Structures are given as structure tokens and as C-alpha cells.
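Asks: Starting off with a structure, shown below.
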Amino acid sequence: MSTSQRALLPALALVFNAFTWGVSWWPFRQLEAAGLHPLAATALIYLLAVALITLVRPAAWREVLTHPALWVLVLASGTTNAAFNWAVTIGDVVRVVLLFYLMPVWAVLLARLLLHEPLTAGALLRVALALAGALIILWPQDGAGWPLPRTLAEWLGVIGGFSFALNNVMLRREAARSEGARALAMFVGGALVALLLALVLHSRGVVPGLPALSWGWIAGAVTLGAFFLASNLALQYGAARLPANATAVIMLVEVLFASVSAVLLGAGSVDARVLAGGAAIIAAAASAALRGRSAH
């Protein structure tokens, strides 16, 4: 097998991961239409993943339980999944995904705080570019008021992006931990945070409980869980065989999958401001992904 062929398979695996996440809004909306709230769906999907990891690597539990720092990863990963899945189910998918990708802003700040990385001119430029893009997208149509998220979905998109940046920084910080322990921590977080949030909000009448048992939503949740598991395996396969900067750039294809599918199916809209702001945010994210190019 040639070098290009060896690189093609990992790249395709990463594209599959990006595709799964980019179009995941659609099955989550179908499950919600069947009565299963996205928080409950997220909890069920990740409980399945936790069960499978426990069967394959039961020793990972000991490592997770004895290293408190991994519980920051639990919280970060769980918040990312709960916020993102809920946001794309109820909001304009294009705007949510673009606000989610404000990660360069949060990554720079968190890397400085947790990893003691210096604030370079390039990092500050990426922050300024991403923030400029967000301001363009969020600027009120009538020019009145502050350019802040206006809907729950938009706030969830921002929170999800911050949590994902924290997730990535913690993965770097805890690189000495085994892959099994880090994966288990992320899947436990995906189940635990969504479950607790669903229970609390249900007790306050904000979200519904589980619908009556039906093969329709059960089969849908299991199928979606299988796709997420496959996409996670694809991510691990691709990321282990390609430079980190290449992985990060390929993963930006998620924005394309999400935007195109949402516009075609009526779950999102694009105008000149969204295009301009989105271009700035994606440029900042791509620049962050490419910053380590010379090291590979």
C-alpha cells in the first residue's frame, strides 16, 4: 500500500466522524418528535457506550476513580455533549455549529490557565478573528442591543464550544493516563451530565420524562448510539495515524456537513452576515489547527 493510500483511510475515517456529528441533529430531532428529549437520548446513547467499554476494558474504571483530574474530563465531555445535542435539536443548526466553533477563544484562555502556555501574538490574533466572527453573526438585525446569544440554542452552542475546548485541554493535560481511562471518562460524562440535567429539569417541569416504551424510539436511540461508537472508533483510528494539525483541519468538515444538511432540510438558514461571521470563525479554527504544522 502506498503512502497516499495509507493516509487516505485515516482521513476517510475522520471524515466519517465529522459526518456523523455534522448530521446528528436530524436523528436527534426525529427522536424528539417521538417523545424522547435530546438530553434523555444523549444519556441513553452514552450509557450504552459505557457498558461496552466496561465489558472490553473493566480496568479503566479503577484509573478513572483514582485520578480526580479525570473527573474534570467527565464534566467537560458531558457538558459538551448535553449542550451540543440539545442545541442542534431546538435551534438554527448553522448558527449553533458556528458558535460552537468559537473554540479557539476558549482554548487559548484555558491553555494559558491550565497548561501555562504563553499568549502569543498568533493566539491573540485567532481570538480576535473568532470574536469578530461571533459579533458579526450575533449583531442584532435592527442594530439595537448587545451582540449576545438571543436563544437558548445559541447559549448552549457557546457553552458546548467552551466545554469542548476544556475537554481537549484536559486530554492534553492528562496524556499520561491510558486511552481506555480517558475514553471511559468522556463516555461516563456524556451519560452522567445529560442524565442529571434531564432529571433536574424534569423535576421542574422544563423537559418531559421518558415516553412510553416504543420500538421506534428505542431502535432509533440504539442505532444512533452505534453510529456514535463507530465514529469514536473512526476518530481514534484516524487521529492515531495522521498529524494532529491534519486531524483538526479535517474535523472542520463537520461545519460543512451540518450547514449543508440543515439548509437543505430547513433546519438552518444562511445569509451574508452568517457567511461573513462563519468565515472568520472557521479561519480562526483552521489557523489554530495549522499552528503546529512545522512540528510534524
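Lettering and numbering for the C-alpha cells are positional, with chains as A, B, ... in the shown order, residues counted from 1 in each chain, and ligands counted from 1 in the shown order.
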Using DSSP on the backbone, list every residue of segment 21-232 of chain A that comes out as alpha helix (DSSP H), and give them as a ChimeraX atom specification.
Replies: /A:21-22,25-33,38-56,60-66,69-90,93-100,103-114,121-138,152-173,179-203,215-232
Asks: What are the closest atom pairs, with distances in Å to one decimal, for each residue of segment 62-151 of chain A lying within 9 Å of segment 161-168 of chain A, using only C-alpha atoms, rows by chain and rising residue number, as CSV?
Replies:
```
residue,atom,partner,partner_atom,distance
A:Val72,CA,A:Asn167,CA,8.2
A:Leu73,CA,A:Asn167,CA,5.7
A:Val74,CA,A:Asn167,CA,8.5
A:Leu75,CA,A:Ser163,CA,8.3
A:Ala76,CA,A:Ser163,CA,5.0
A:Ser77,CA,A:Asn167,CA,5.7
A:Gly78,CA,A:Ser163,CA,8.4
A:Thr79,CA,A:Ser163,CA,6.1
A:Thr80,CA,A:Ser163,CA,5.1
A:Asn81,CA,A:Phe164,CA,8.6
A:Ala83,CA,A:Gly161,CA,8.8
A:Phe84,CA,A:Gly161,CA,8.1
A:Val97,CA,A:Gly161,CA,8.8
A:Leu99,CA,A:Gly161,CA,7.2
A:Phe100,CA,A:Gly161,CA,4.2
A:Tyr101,CA,A:Gly161,CA,5.9
A:Leu102,CA,A:Gly161,CA,6.2
A:Met103,CA,A:Gly161,CA,5.4
A:Pro104,CA,A:Ala165,CA,7.8
A:Val105,CA,A:Phe162,CA,8.5
A:Trp106,CA,A:Phe162,CA,5.6
A:Ala107,CA,A:Ala165,CA,5.1
A:Val108,CA,A:Ala165,CA,8.9
A:Leu110,CA,A:Leu166,CA,6.7
A:Ala111,CA,A:Leu166,CA,8.6
```
Asks: Name all residues at most 10 Å from Ala267 of chain A (count only C-alpha atoms; drop same-chain ones fewer than 6 positions away) and give them as a PDB file with N, CA and C atoms, in the first residue's frame.
Replies:
```pdb
ATOM      1  N   TRP A  25     -27.890  16.204  14.160  1.00  0.00           N
ATOM      2  CA  TRP A  25     -29.075  16.986  14.530  1.00  0.00           C
ATOM      3  C   TRP A  25     -30.350  16.332  14.020  1.00  0.00           C
ATOM      4  N   TRP A  26     -30.286  15.692  12.837  1.00  0.00           N
ATOM      5  CA  TRP A  26     -31.502  15.120  12.251  1.00  0.00           C
ATOM      6  C   TRP A  26     -32.049  13.950  13.063  1.00  0.00           C
ATOM      7  N   ARG A  29     -33.599  15.167  16.257  1.00  0.00           N
ATOM      8  CA  ARG A  29     -34.922  15.771  16.057  1.00  0.00           C
ATOM      9  C   ARG A  29     -35.993  14.722  15.819  1.00  0.00           C
ATOM     10  N   VAL A  88     -28.621  21.671  18.811  1.00  0.00           N
ATOM     11  CA  VAL A  88     -28.922  21.414  17.398  1.00  0.00           C
ATOM     12  C   VAL A  88     -30.313  20.819  17.213  1.00  0.00           C
ATOM     13  N   THR A  89     -30.906  20.347  18.299  1.00  0.00           N
ATOM     14  CA  THR A  89     -32.267  19.816  18.209  1.00  0.00           C
ATOM     15  C   THR A  89     -33.301  20.935  18.197  1.00  0.00           C
ATOM     16  N   ILE A  90     -33.021  22.030  18.918  1.00  0.00           N
ATOM     17  CA  ILE A  90     -34.041  23.067  19.079  1.00  0.00           C
ATOM     18  C   ILE A  90     -33.733  24.376  18.339  1.00  0.00           C
ATOM     19  N   GLY A  91     -32.518  24.538  17.832  1.00  0.00           N
ATOM     20  CA  GLY A  91     -32.144  25.833  17.263  1.00  0.00           C
ATOM     21  C   GLY A  91     -31.760  25.777  15.803  1.00  0.00           C
ATOM     22  N   ASP A  92     -31.371  26.938  15.287  1.00  0.00           N
ATOM     23  CA  ASP A  92     -30.845  27.040  13.931  1.00  0.00           C
ATOM     24  C   ASP A  92     -29.484  26.341  13.907  1.00  0.00           C
ATOM     25  N   VAL A  93     -29.400  25.242  13.191  1.00  0.00           N
ATOM     26  CA  VAL A  93     -28.216  24.390  13.233  1.00  0.00           C
ATOM     27  C   VAL A  93     -26.968  25.134  12.777  1.00  0.00           C
ATOM     28  N   VAL A  94     -27.090  25.951  11.748  1.00  0.00           N
ATOM     29  CA  VAL A  94     -25.920  26.660  11.221  1.00  0.00           C
ATOM     30  C   VAL A  94     -25.342  27.596  12.275  1.00  0.00           C
ATOM     31  N   ALA A 258     -22.921  19.902   8.578  1.00  0.00           N
ATOM     32  CA  ALA A 258     -24.031  20.430   9.371  1.00  0.00           C
ATOM     33  C   ALA A 258     -24.763  21.538   8.624  1.00  0.00           C
ATOM     34  N   SER A 259     -24.009  22.463   8.039  1.00  0.00           N
ATOM     35  CA  SER A 259     -24.620  23.618   7.383  1.00  0.00           C
ATOM     36  C   SER A 259     -25.411  23.205   6.145  1.00  0.00           C
ATOM     37  N   VAL A 260     -24.799  22.400   5.288  1.00  0.00           N
ATOM     38  CA  VAL A 260     -25.475  21.991   4.046  1.00  0.00           C
ATOM     39  C   VAL A 260     -26.718  21.179   4.354  1.00  0.00           C
ATOM     40  N   SER A 261     -26.600  20.203   5.246  1.00  0.00           N
ATOM     41  CA  SER A 261     -27.758  19.359   5.567  1.00  0.00           C
ATOM     42  C   SER A 261     -28.867  20.179   6.210  1.00  0.00           C
TER      43      SER A 261
END
```
Asks: Which residues of segment 154-272 of chain A come within 10 Å of segment 277-293 of chain A, and what is each one's closest atom pair and distance in Å (one decimal), counting only C-alpha atoms, sorted by chain and residue number, as a Markdown table?
Replies:
```
| residue | atom | partner | partner_atom | distance |
| --- | --- | --- | --- | --- |
| A:Pro243 | CA | A:Arg293 | CA | 8.3 |
| A:Ala244 | CA | A:Ala289 | CA | 7.7 |
| A:Asn245 | CA | A:Ala289 | CA | 4.8 |
| A:Ala246 | CA | A:Ala289 | CA | 7.4 |
| A:Thr247 | CA | A:Ala289 | CA | 8.1 |
| A:Ala248 | CA | A:Ala289 | CA | 5.3 |
| A:Val249 | CA | A:Ala289 | CA | 5.9 |
| A:Ile250 | CA | A:Ala286 | CA | 9.4 |
| A:Met251 | CA | A:Ala289 | CA | 9.7 |
| A:Leu252 | CA | A:Ala286 | CA | 7.6 |
| A:Val255 | CA | A:Ile282 | CA | 8.6 |
| A:Val270 | CA | A:Gly278 | CA | 9.8 |
| A:Ala272 | CA | A:Gly277 | CA | 8.5 |
```
Asks: May I have the selected residues written with C-alpha atoms, as a short mmCIF file (atom, residue, chain, number, x, y, z; two decimals), in the first residue's frame?
Replies:
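Below is the file part-v7.cif, written as the result:
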```
data_model
loop_
_atom_site.label_atom_id
_atom_site.label_comp_id
_atom_site.auth_asym_id
_atom_site.auth_seq_id
_atom_site.Cartn_x
_atom_site.Cartn_y
_atom_site.Cartn_z
CA PRO A 243 -0.56 14.63 12.33
CA ALA A 244 -2.63 16.48 14.91
CA ASN A 245 -2.96 19.56 12.71
CA ALA A 246 -4.29 17.45 9.81
CA THR A 247 -6.83 15.82 12.12
CA ALA A 248 -8.07 19.19 13.37
CA VAL A 249 -8.43 20.61 9.86
CA ILE A 250 -10.33 17.57 8.57
CA MET A 251 -12.68 17.73 11.55
CA LEU A 252 -13.76 21.22 10.42
CA VAL A 255 -19.33 22.54 9.80
CA VAL A 270 -27.58 31.31 5.73
CA ALA A 272 -24.46 37.36 4.13
#
```
Asks: If you measure from atom CA of Ala134 of chain A to atom CA of Leu235 of chain A, what distance in Å do you get, rounded to one decimal?
Replies: 27.7 Å
Asks: Would you mind telling me which residue in A:Ala18, A:Met170, A:Leu55, A:Val253 lies nearest to Met186 of chain A when using only C-alpha atoms?
Replies: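 Using only C-alpha atoms, Met186 of chain A sits closest to A:Met170.
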Asks: Find, counting only C-alpha atoms, the residue in A:Leu171, A:Leu65, A:Leu109, A:Ala262 that gets nearest to Leu124 of chain A.
Replies: A:Leu109
Asks: Taking only C-alpha atoms into account, name the residue in A:Gly220, A:Gly238, A:Gly35, A:Gly225 that is nearest to Val207 of chain A.
Replies: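 Among A:Gly220, A:Gly238, A:Gly35, A:Gly225, it is A:Gly35 that comes nearest to Val207 of chain A.
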Asks: Interatomic distance between atom CA of Ser178 of chain A and atom CA of Leu192 of chain A?
Replies: 20.9 Å
Asks: Can you measure atom CA of Thr66 of chain A to atom CA of Val193 of chain A for me? One decimal in Å is fine.
Replies: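 Taking atom CA of Thr66 of chain A as the start and atom CA of Val193 of chain A as the end point, the length is 19.7 Å.
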Asks: Which residue gives the smallest distance to Leu199 of chain A among A:Gln30, A:Thr54, A:His37, A:Phe228, with only C-alpha atoms counted?
Replies: A:His37
Asks: Applying 12 Å and only C-alpha atoms, which residues near Leu213 of chain A remain after dropping the ones on its own chain fewer than 3 positions away? List them as a list in words.
Replies: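 Residues near the query, excluding close chain neighbours: Ala34, Gly35, Leu36, Gly209, Leu210, Gly216, Trp217, Ile218 and Ala219 of chain A.
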Asks: Could you save those same residues with N, CA and C atoms as a PDB file, in the first residue's frame?
Replies:
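Dumped to part_14.pdb:
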```pdb
ATOM      1  N   ALA A  34     -40.529  11.745  18.469  1.00  0.00           N
ATOM      2  CA  ALA A  34     -41.098  10.513  19.024  1.00  0.00           C
ATOM      3  C   ALA A  34     -41.281  10.606  20.537  1.00  0.00           C
ATOM      4  N   GLY A  35     -40.942  11.770  21.118  1.00  0.00           N
ATOM      5  CA  GLY A  35     -41.150  11.972  22.547  1.00  0.00           C
ATOM      6  C   GLY A  35     -39.917  11.854  23.409  1.00  0.00           C
ATOM      7  N   LEU A  36     -38.755  11.567  22.794  1.00  0.00           N
ATOM      8  CA  LEU A  36     -37.526  11.384  23.561  1.00  0.00           C
ATOM      9  C   LEU A  36     -36.707  12.670  23.503  1.00  0.00           C
ATOM     10  N   GLY A 209     -40.463  13.615  30.697  1.00  0.00           N
ATOM     11  CA  GLY A 209     -39.829  12.362  31.074  1.00  0.00           C
ATOM     12  C   GLY A 209     -39.738  11.438  29.874  1.00  0.00           C
ATOM     13  N   LEU A 210     -39.342  10.197  30.127  1.00  0.00           N
ATOM     14  CA  LEU A 210     -39.253   9.225  29.033  1.00  0.00           C
ATOM     15  C   LEU A 210     -40.638   8.942  28.470  1.00  0.00           C
ATOM     16  N   GLY A 216     -39.952   2.121  18.108  1.00  0.00           N
ATOM     17  CA  GLY A 216     -39.479   3.173  17.228  1.00  0.00           C
ATOM     18  C   GLY A 216     -38.349   3.980  17.836  1.00  0.00           C
ATOM     19  N   TRP A 217     -38.594   4.597  19.001  1.00  0.00           N
ATOM     20  CA  TRP A 217     -37.546   5.437  19.574  1.00  0.00           C
ATOM     21  C   TRP A 217     -36.433   4.614  20.204  1.00  0.00           C
ATOM     22  N   ILE A 218     -36.746   3.400  20.675  1.00  0.00           N
ATOM     23  CA  ILE A 218     -35.700   2.535  21.221  1.00  0.00           C
ATOM     24  C   ILE A 218     -34.715   2.146  20.118  1.00  0.00           C
ATOM     25  N   ALA A 219     -35.250   1.694  18.982  1.00  0.00           N
ATOM     26  CA  ALA A 219     -34.386   1.319  17.862  1.00  0.00           C
ATOM     27  C   ALA A 219     -33.605   2.528  17.352  1.00  0.00           C
TER      28      ALA A 219
END
```
Asks: Could you check which of A:Ala130, A:Ala181, A:Leu197, A:Ala234 is closest to Pro68 of chain A, using only C-alpha atoms?
Replies: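 Checking each candidate against Pro68 of chain A, we get A:Ala181 as the closest.
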